[in-house]
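As provided, final.cif (mmCIF, C-alpha atoms) reads as follows.
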```cif
data_my_file
#
loop_
_atom_site.label_atom_id
_atom_site.label_comp_id
_atom_site.auth_asym_id
_atom_site.auth_seq_id
_atom_site.Cartn_x
_atom_site.Cartn_y
_atom_site.Cartn_z
CA MET A 1 -186.21 -152.19 -19.10
CA LEU A 2 -184.04 -153.83 -21.73
CA VAL A 3 -181.68 -150.87 -21.72
CA ARG A 4 -181.40 -150.91 -17.95
CA ASP A 5 -180.68 -154.64 -17.94
CA SER A 6 -178.02 -154.18 -20.60
CA ALA A 7 -176.43 -151.42 -18.57
CA GLN A 8 -176.25 -153.63 -15.52
CA ILE A 9 -174.77 -156.55 -17.41
CA LEU A 10 -172.17 -154.41 -19.14
CA ARG A 11 -171.51 -151.87 -16.43
CA ARG A 12 -168.17 -153.30 -15.36
CA PRO A 13 -166.66 -153.95 -18.80
CA ALA A 14 -167.51 -150.42 -19.94
CA ARG A 15 -165.24 -148.85 -17.42
CA ARG A 16 -161.94 -149.36 -19.29
CA LEU A 17 -163.07 -149.33 -22.88
CA VAL A 18 -161.35 -145.99 -22.80
CA ALA A 19 -158.08 -147.74 -23.55
CA VAL A 20 -159.27 -148.03 -27.18
CA ALA A 21 -156.12 -147.33 -29.15
CA LEU A 22 -154.19 -145.08 -27.15
CA ALA A 23 -152.13 -147.98 -26.56
CA THR A 24 -150.09 -147.48 -28.57
CA ALA A 25 -149.38 -149.20 -29.10
CA THR A 26 -148.81 -148.73 -29.94
CA LEU A 27 -151.68 -145.96 -30.66
CA ALA A 28 -150.80 -148.36 -29.13
CA THR A 29 -150.71 -148.24 -29.48
CA LEU A 30 -150.67 -148.04 -29.90
CA ALA A 31 -148.61 -148.06 -27.22
CA SER A 32 -144.95 -144.26 -25.42
CA CYS A 33 -143.14 -141.07 -24.80
CA GLY A 34 -142.85 -137.28 -24.51
CA SER A 35 -145.50 -135.28 -26.26
CA SER A 36 -144.46 -131.90 -27.62
CA SER A 37 -143.11 -131.32 -31.09
CA ASP A 38 -140.29 -129.30 -29.53
CA ASP A 39 -138.95 -132.52 -28.02
CA SER A 40 -138.50 -134.11 -31.43
CA ALA A 41 -135.21 -132.38 -32.15
CA SER A 42 -133.09 -134.81 -30.15
CA PRO A 43 -133.26 -138.45 -29.02
CA SER A 44 -134.54 -139.29 -25.58
CA THR A 45 -132.01 -139.43 -22.76
CA ALA A 46 -133.71 -142.70 -21.78
CA SER A 47 -132.42 -144.38 -24.95
CA ALA A 48 -130.70 -147.74 -24.84
CA THR A 49 -127.08 -148.25 -25.90
CA THR A 50 -126.88 -149.49 -29.45
CA SER A 51 -124.46 -152.19 -30.57
CA SER A 52 -125.12 -151.67 -34.29
CA THR A 53 -122.57 -150.65 -36.87
CA SER A 54 -123.13 -147.60 -39.02
CA ASP A 55 -123.81 -149.86 -42.00
CA THR A 56 -126.53 -151.78 -40.14
CA ALA A 57 -128.24 -148.59 -39.01
CA ALA A 58 -128.03 -147.13 -42.51
CA ASP A 59 -129.48 -150.32 -44.03
CA LEU A 60 -132.50 -150.15 -41.72
CA ALA A 61 -133.13 -146.44 -42.19
CA GLY A 62 -136.37 -145.46 -43.92
CA ARG A 63 -140.13 -145.10 -43.51
CA TYR A 64 -142.14 -148.10 -42.32
CA GLY A 65 -145.86 -148.67 -42.08
CA HIS A 66 -146.56 -149.47 -38.42
CA TYR A 67 -149.17 -152.01 -37.25
CA ASP A 68 -149.48 -153.24 -33.70
CA VAL A 69 -151.99 -155.03 -31.53
CA VAL A 70 -152.08 -154.92 -27.74
CA ALA A 71 -154.15 -157.54 -25.91
CA TYR A 72 -155.61 -156.55 -22.54
CA GLU A 73 -157.79 -158.39 -20.08
CA SER A 74 -159.62 -157.70 -16.84
CA SER A 75 -161.76 -159.93 -14.66
CA ASP A 76 -164.78 -159.45 -16.92
CA MET A 77 -163.56 -158.44 -20.38
CA LYS A 78 -160.93 -159.14 -23.04
CA ASN A 79 -159.87 -156.39 -25.41
CA LEU A 80 -157.61 -155.79 -28.41
CA ILE A 81 -156.35 -152.33 -29.37
CA ILE A 82 -155.14 -152.15 -32.98
CA SER A 83 -152.99 -149.18 -34.00
CA TYR A 84 -151.79 -147.99 -37.40
CA GLY A 85 -149.17 -145.39 -38.16
CA PHE A 86 -145.56 -144.91 -39.19
CA THR A 87 -142.15 -145.67 -37.75
CA ASP A 88 -139.38 -143.63 -39.32
CA LEU A 89 -135.91 -145.03 -38.69
CA SER A 90 -132.93 -142.78 -39.26
CA GLU A 91 -129.19 -143.20 -38.84
CA LYS A 92 -127.31 -140.59 -36.81
CA ASP A 93 -123.63 -141.01 -35.94
CA GLY A 94 -123.91 -144.76 -36.44
CA LYS A 95 -126.95 -145.01 -34.18
CA LEU A 96 -130.51 -145.90 -35.16
CA ILE A 97 -133.24 -143.45 -34.11
CA ALA A 98 -136.95 -144.40 -34.13
CA HIS A 99 -139.69 -141.81 -34.53
CA GLU A 100 -143.29 -143.02 -34.19
CA SER A 101 -146.43 -141.29 -35.43
CA PHE A 102 -149.98 -142.65 -35.44
CA CYS A 103 -152.93 -142.45 -37.83
CA HIS A 104 -155.82 -144.65 -36.71
CA ALA A 105 -156.86 -147.06 -33.99
CA GLU A 106 -159.57 -149.68 -33.55
CA GLN A 107 -160.84 -151.95 -30.80
CA ARG A 108 -162.03 -155.55 -30.65
CA SER A 109 -163.68 -157.13 -27.61
CA ASP A 110 -165.32 -160.31 -26.38
CA GLN A 111 -168.27 -158.18 -25.21
CA PRO A 112 -171.01 -156.55 -27.35
CA ILE A 113 -169.67 -153.07 -26.67
CA GLU A 114 -168.36 -150.68 -29.32
CA THR A 115 -165.81 -147.97 -28.70
CA SER A 116 -164.32 -145.49 -31.12
CA ILE A 117 -161.76 -142.75 -31.01
CA SER A 118 -161.10 -140.05 -33.58
CA ASP A 119 -158.02 -140.05 -35.77
CA ALA A 120 -157.29 -136.62 -34.31
CA ALA A 121 -157.01 -138.22 -30.86
CA THR A 122 -154.85 -141.05 -32.18
CA SER A 123 -152.48 -138.66 -33.93
CA ALA A 124 -152.18 -136.63 -30.70
CA ILE A 125 -149.87 -139.36 -29.40
CA LYS A 126 -146.45 -137.94 -30.29
CA PRO A 127 -143.60 -140.03 -28.90
CA ILE A 128 -140.21 -138.35 -28.89
CA PRO A 129 -137.55 -139.91 -31.14
CA VAL A 130 -135.46 -142.44 -29.27
CA GLU A 131 -132.28 -144.39 -29.87
CA VAL A 132 -132.99 -148.05 -30.57
CA ASP A 133 -130.82 -150.91 -29.33
CA VAL A 134 -129.68 -152.95 -32.34
CA THR A 135 -128.00 -156.35 -32.18
CA GLU A 136 -127.39 -159.19 -34.61
CA GLN A 137 -128.25 -162.75 -33.62
CA GLY A 138 -128.33 -165.79 -35.86
CA GLY A 139 -128.09 -163.72 -39.01
CA ARG A 140 -131.07 -161.56 -38.01
CA VAL A 141 -131.12 -157.97 -36.79
CA HIS A 142 -132.91 -157.51 -33.46
CA LEU A 143 -134.32 -154.13 -32.43
CA HIS A 144 -135.42 -153.02 -29.00
CA ARG A 145 -137.18 -149.68 -28.65
CA PRO A 146 -137.16 -148.61 -24.98
CA GLU A 147 -140.14 -147.14 -23.17
CA THR A 148 -140.37 -143.34 -23.37
CA PRO A 149 -143.47 -142.05 -21.52
CA THR A 150 -145.78 -139.59 -23.31
CA GLY A 151 -148.71 -137.59 -21.98
CA VAL A 152 -151.83 -137.40 -24.15
CA GLY A 153 -154.80 -135.36 -23.00
CA ILE A 154 -152.49 -133.95 -20.35
CA HIS A 155 -149.31 -131.87 -20.48
CA LEU A 156 -146.71 -133.20 -18.06
CA GLU A 157 -143.51 -131.29 -17.32
CA ASP A 158 -141.72 -134.58 -16.66
CA PRO A 159 -143.69 -137.27 -18.57
CA ALA A 160 -141.63 -140.10 -17.12
CA ASN A 161 -142.00 -139.20 -13.44
CA ASP A 162 -144.91 -136.81 -12.86
CA GLU A 163 -147.87 -138.57 -11.27
CA LEU A 164 -151.18 -138.40 -13.08
CA PRO A 165 -153.47 -136.07 -11.11
CA THR A 166 -156.53 -137.36 -9.29
CA ASP A 167 -158.45 -134.12 -9.85
CA PRO A 168 -160.26 -133.95 -13.22
CA ALA A 169 -160.04 -130.15 -12.97
CA ASP A 170 -156.22 -130.19 -12.93
CA PRO A 171 -155.03 -127.34 -15.19
CA ARG A 172 -152.57 -129.64 -16.96
CA ILE A 173 -155.41 -131.55 -18.63
CA ALA A 174 -155.51 -130.53 -22.31
CA ASP A 175 -157.91 -130.86 -25.23
CA ASP A 176 -155.38 -132.66 -27.42
CA ASP A 177 -157.95 -133.88 -29.95
CA HIS A 178 -159.36 -130.33 -30.34
CA ASP A 179 -163.04 -131.24 -29.94
CA GLY A 180 -163.79 -128.72 -27.22
CA LYS A 181 -163.84 -131.36 -24.47
CA PRO A 182 -161.22 -132.02 -21.79
CA GLY A 183 -158.56 -134.62 -22.47
CA ILE A 184 -159.15 -137.20 -25.22
CA THR A 185 -162.69 -138.26 -26.14
CA VAL A 186 -163.69 -141.93 -26.48
CA HIS A 187 -167.20 -142.78 -27.67
CA VAL A 188 -168.77 -145.80 -25.96
CA LYS A 189 -171.82 -147.64 -27.34
CA VAL A 190 -173.51 -150.36 -25.31
CA THR A 191 -176.83 -150.26 -27.19
CA ASP A 192 -178.45 -147.76 -29.54
CA GLU A 193 -180.15 -146.25 -26.50
CA LEU A 194 -177.15 -146.43 -24.16
CA GLN A 195 -174.09 -144.65 -25.50
CA GLY A 196 -172.00 -141.63 -24.69
CA ASP A 197 -168.55 -140.12 -24.42
CA LEU A 198 -165.75 -140.67 -21.97
CA TYR A 199 -163.00 -138.08 -21.47
CA ILE A 200 -159.56 -139.33 -20.49
CA ALA A 201 -155.94 -138.35 -20.00
CA ARG A 202 -153.19 -140.91 -20.42
CA ARG A 203 -149.52 -141.55 -19.99
CA GLU A 204 -148.56 -143.77 -22.91
CA ARG A 205 -145.79 -146.22 -22.07
CA PHE A 206 -144.84 -148.71 -24.74
CA ALA A 207 -141.75 -150.55 -25.88
CA TYR A 208 -141.22 -153.08 -28.63
CA ASP A 209 -138.89 -155.87 -29.73
CA LEU A 210 -138.56 -156.72 -33.43
CA ILE A 211 -136.56 -159.08 -35.66
CA SER A 212 -135.67 -158.47 -39.32
CA GLN A 213 -137.27 -160.71 -41.97
CA ASP A 214 -136.19 -161.72 -45.47
CA ASP A 215 -138.79 -159.41 -47.05
CA LYS A 216 -137.24 -156.39 -45.23
CA SER A 217 -140.12 -156.18 -42.77
CA LEU A 218 -139.58 -156.23 -39.00
CA THR A 219 -141.83 -158.36 -36.80
CA GLY A 220 -142.16 -158.88 -33.07
CA TYR A 221 -144.27 -157.72 -30.15
CA VAL A 222 -145.30 -154.70 -28.08
CA THR A 223 -145.05 -154.28 -24.32
CA ASP A 224 -147.51 -151.74 -22.89
CA ASN A 225 -147.63 -150.24 -19.38
CA SER A 226 -149.81 -147.19 -20.03
CA GLU A 227 -151.66 -145.33 -17.27
CA GLN A 228 -154.98 -143.53 -17.42
CA LEU A 229 -157.11 -140.88 -15.71
CA ILE A 230 -160.85 -140.52 -16.31
CA VAL A 231 -161.55 -136.80 -16.65
CA GLY A 232 -165.33 -137.01 -17.09
CA ALA A 233 -168.17 -138.58 -19.05
CA THR A 234 -171.57 -137.80 -20.53
CA ASP A 235 -173.00 -140.70 -18.50
CA PRO A 236 -171.74 -141.42 -14.97
CA MET A 237 -172.08 -145.14 -15.70
CA PHE A 238 -168.84 -144.94 -17.66
CA VAL A 239 -166.90 -143.38 -14.79
CA THR A 240 -165.89 -146.66 -13.19
CA ARG A 241 -162.63 -148.45 -12.56
CA ALA A 242 -161.16 -151.77 -13.58
CA GLU A 243 -157.79 -153.46 -13.26
CA TRP A 244 -156.58 -153.99 -16.82
CA LYS A 245 -153.38 -155.82 -17.64
CA GLN A 246 -151.66 -156.76 -20.85
CA VAL A 247 -152.04 -160.46 -21.62
CA PRO A 248 -148.75 -162.18 -20.65
CA ASP A 249 -148.59 -164.17 -23.91
CA LYS A 250 -146.70 -161.70 -26.14
CA SER A 251 -147.88 -163.52 -29.28
CA LYS A 252 -151.25 -161.87 -28.58
CA SER A 253 -149.62 -158.40 -28.93
CA PRO A 254 -147.89 -158.59 -32.33
CA MET A 255 -146.22 -155.76 -34.18
CA VAL A 256 -145.15 -155.42 -37.83
CA LEU A 257 -143.13 -152.72 -39.60
CA VAL A 258 -143.37 -152.82 -43.40
CA PRO A 259 -141.11 -150.64 -45.61
CA VAL A 260 -143.07 -148.00 -47.53
CA ASP A 261 -142.14 -145.04 -49.71
CA GLU A 262 -141.13 -141.81 -48.01
CA ASP A 263 -144.14 -139.96 -49.43
CA TRP A 264 -146.74 -142.25 -47.81
CA ASP A 265 -149.20 -140.46 -45.55
CA CYS A 266 -152.04 -141.69 -43.32
CA GLU A 267 -154.55 -141.73 -46.18
CA LYS A 268 -152.28 -143.94 -48.30
CA LEU A 269 -151.46 -146.18 -45.36
CA MET A 270 -155.06 -146.86 -44.41
CA ALA A 271 -156.05 -147.45 -48.06
CA SER A 272 -153.28 -150.09 -48.26
CA ALA A 273 -153.60 -151.60 -44.77
CA ASP A 274 -155.41 -154.78 -45.84
CA ASP A 275 -152.74 -155.47 -48.45
CA ILE A 276 -149.57 -154.88 -46.42
CA PHE A 277 -150.51 -155.86 -42.85
CA PRO A 278 -151.71 -159.15 -41.33
CA PRO A 279 -155.44 -159.62 -40.65
CA ILE A 280 -156.66 -158.33 -37.31
CA PRO A 281 -156.58 -161.30 -34.91
CA GLY A 282 -159.54 -162.52 -32.95
CA VAL A 283 -160.07 -162.28 -29.20
CA ASP A 284 -159.21 -165.96 -28.89
CA TRP A 285 -157.64 -166.53 -25.51
#
```

Please rewrite the model in this file as structure tokens.
Amino acid sequence: MLVRDSAQILRRPARRLVAVALATATLATLASCGSSSDDSASPSTASATTSSTSDTAADLAGRYGHYDVVAYESSDMKNLIISYGFTDLSEKDGKLIAHESFCHAEQRSDQPIETSISDAATSAIKPIPVEVDVTEQGGRVHLHRPETPTGVGIHLEDPANDELPTDPADPRIADDDHDGKPGITVHVKVTDELQGDLYIARRERFAYDLISQDDKSLTGYVTDNSEQLIVGATDPMFVTRAEWKQVPDKSKSPMVLVPVDEDWDCEKLMASADDIFPPIPGVDW
């Protein structure tokens, strides 16, 4: 009886826990853009026009540890998605190109529900490199990375314009986390007795705005407009819908890029995360 009561109380919040870190930011995050490695050879045609000089772009070039938080809310739940990864900035013909990759994602909520997603699923988010708009204001460099839609758990011929299918059996749905299940798998735990997996496909859509700091880091916020399709679940309770929106207060969706050595990988980043990134904020709005 206790399990049934818990299911009833938490039935509505459980329906969009699937967002868990494919937000990209900025997974995120987590937040995003085109998905195949073949696309990585050239910047997105959706890139913004840069106003930077070659020297400014060259000064910013390098590998950065990437940390972002996206705050979401619905009528019955508040949620934070925390994404970790790398942003590699490179200079090409005087322009600054951003290339994101992701390592790990976590979730925080105001409800007693746990969700988790594998690092394999998080790293399946592969935004295409994109030209970043660079301006200088008040002695600070301002960066704007434009939105570049990316399919994850689904292969879209035109990631920016193709509609997500309504049929879970659509042949474009792909096992991008390689666990033998359709789409991307999110584990949902309500209680020890009530838990299971949710299978999703997403179009990641994120952008960010950052300002240079004296310590060479870049800080700002993420804007996320990702879309999602529920492909299936081990428990039909999780196959529900909710209207989730990013919290309008952008201070609740912070992002930080911290310069790191070129040889850093995901293992090194996660071992150093507590030392180089801010503490994970609380669900405090």

- Item | Output check: residues returned by the PyMOL selection byres ((chain A and resi 136-144) around 12), as a ChimeraX atom specification | /A:47-53,56-57,59-60,89,95-98,130-135,145-147,206-214,216-223,257

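The space between CA of Asp192 (chain A) and CA of Ile230 (chain A) spans 23.2 Å.
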
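Atom pair CA of Asp224 (chain A) / CA of Glu157 (chain A) has a distance of 21.6 Å (rounded to one decimal).
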
- Message: Under the PyMOL selection byres ((chain A and resi 115-126) around 6), which residues of this model are included? Write them out as a ChimeraX atom specification.
- Response: /A:35,102-104,114,127,152,177,186-188

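Residues matched by the PyMOL selection byres ((chain A and resi 161) around 12) in this file: Cys33, Gly34, Thr148, Pro149, Thr150, Gly151, Leu156, Glu157, Asp158, Pro159, Ala160, Asp162, Glu163, Leu164, Arg203 and Arg205 of chain A.
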
Output C-alpha atoms for every residue in the selection just made, as an mmCIF file, in the coordinates of the input.
```cif
data_model
loop_
_atom_site.group_PDB
_atom_site.id
_atom_site.type_symbol
_atom_site.label_atom_id
_atom_site.label_comp_id
_atom_site.auth_asym_id
_atom_site.auth_seq_id
_atom_site.Cartn_x
_atom_site.Cartn_y
_atom_site.Cartn_z
ATOM 1 C CA CYS A 33 -143.140 -141.070 -24.800
ATOM 2 C CA GLY A 34 -142.850 -137.280 -24.510
ATOM 3 C CA THR A 148 -140.370 -143.340 -23.370
ATOM 4 C CA PRO A 149 -143.470 -142.050 -21.520
ATOM 5 C CA THR A 150 -145.780 -139.590 -23.310
ATOM 6 C CA GLY A 151 -148.710 -137.590 -21.980
ATOM 7 C CA LEU A 156 -146.710 -133.200 -18.060
ATOM 8 C CA GLU A 157 -143.510 -131.290 -17.320
ATOM 9 C CA ASP A 158 -141.720 -134.580 -16.660
ATOM 10 C CA PRO A 159 -143.690 -137.270 -18.570
ATOM 11 C CA ALA A 160 -141.630 -140.100 -17.120
ATOM 12 C CA ASP A 162 -144.910 -136.810 -12.860
ATOM 13 C CA GLU A 163 -147.870 -138.570 -11.270
ATOM 14 C CA LEU A 164 -151.180 -138.400 -13.080
ATOM 15 C CA ARG A 203 -149.520 -141.550 -19.990
ATOM 16 C CA ARG A 205 -145.790 -146.220 -22.070
#
```

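The closest residue to Pro254 (chain A), picked from A:Asp76, A:Gln228, A:Lys92, A:Pro279 and counting all atoms listed in the file, is A:Pro279.
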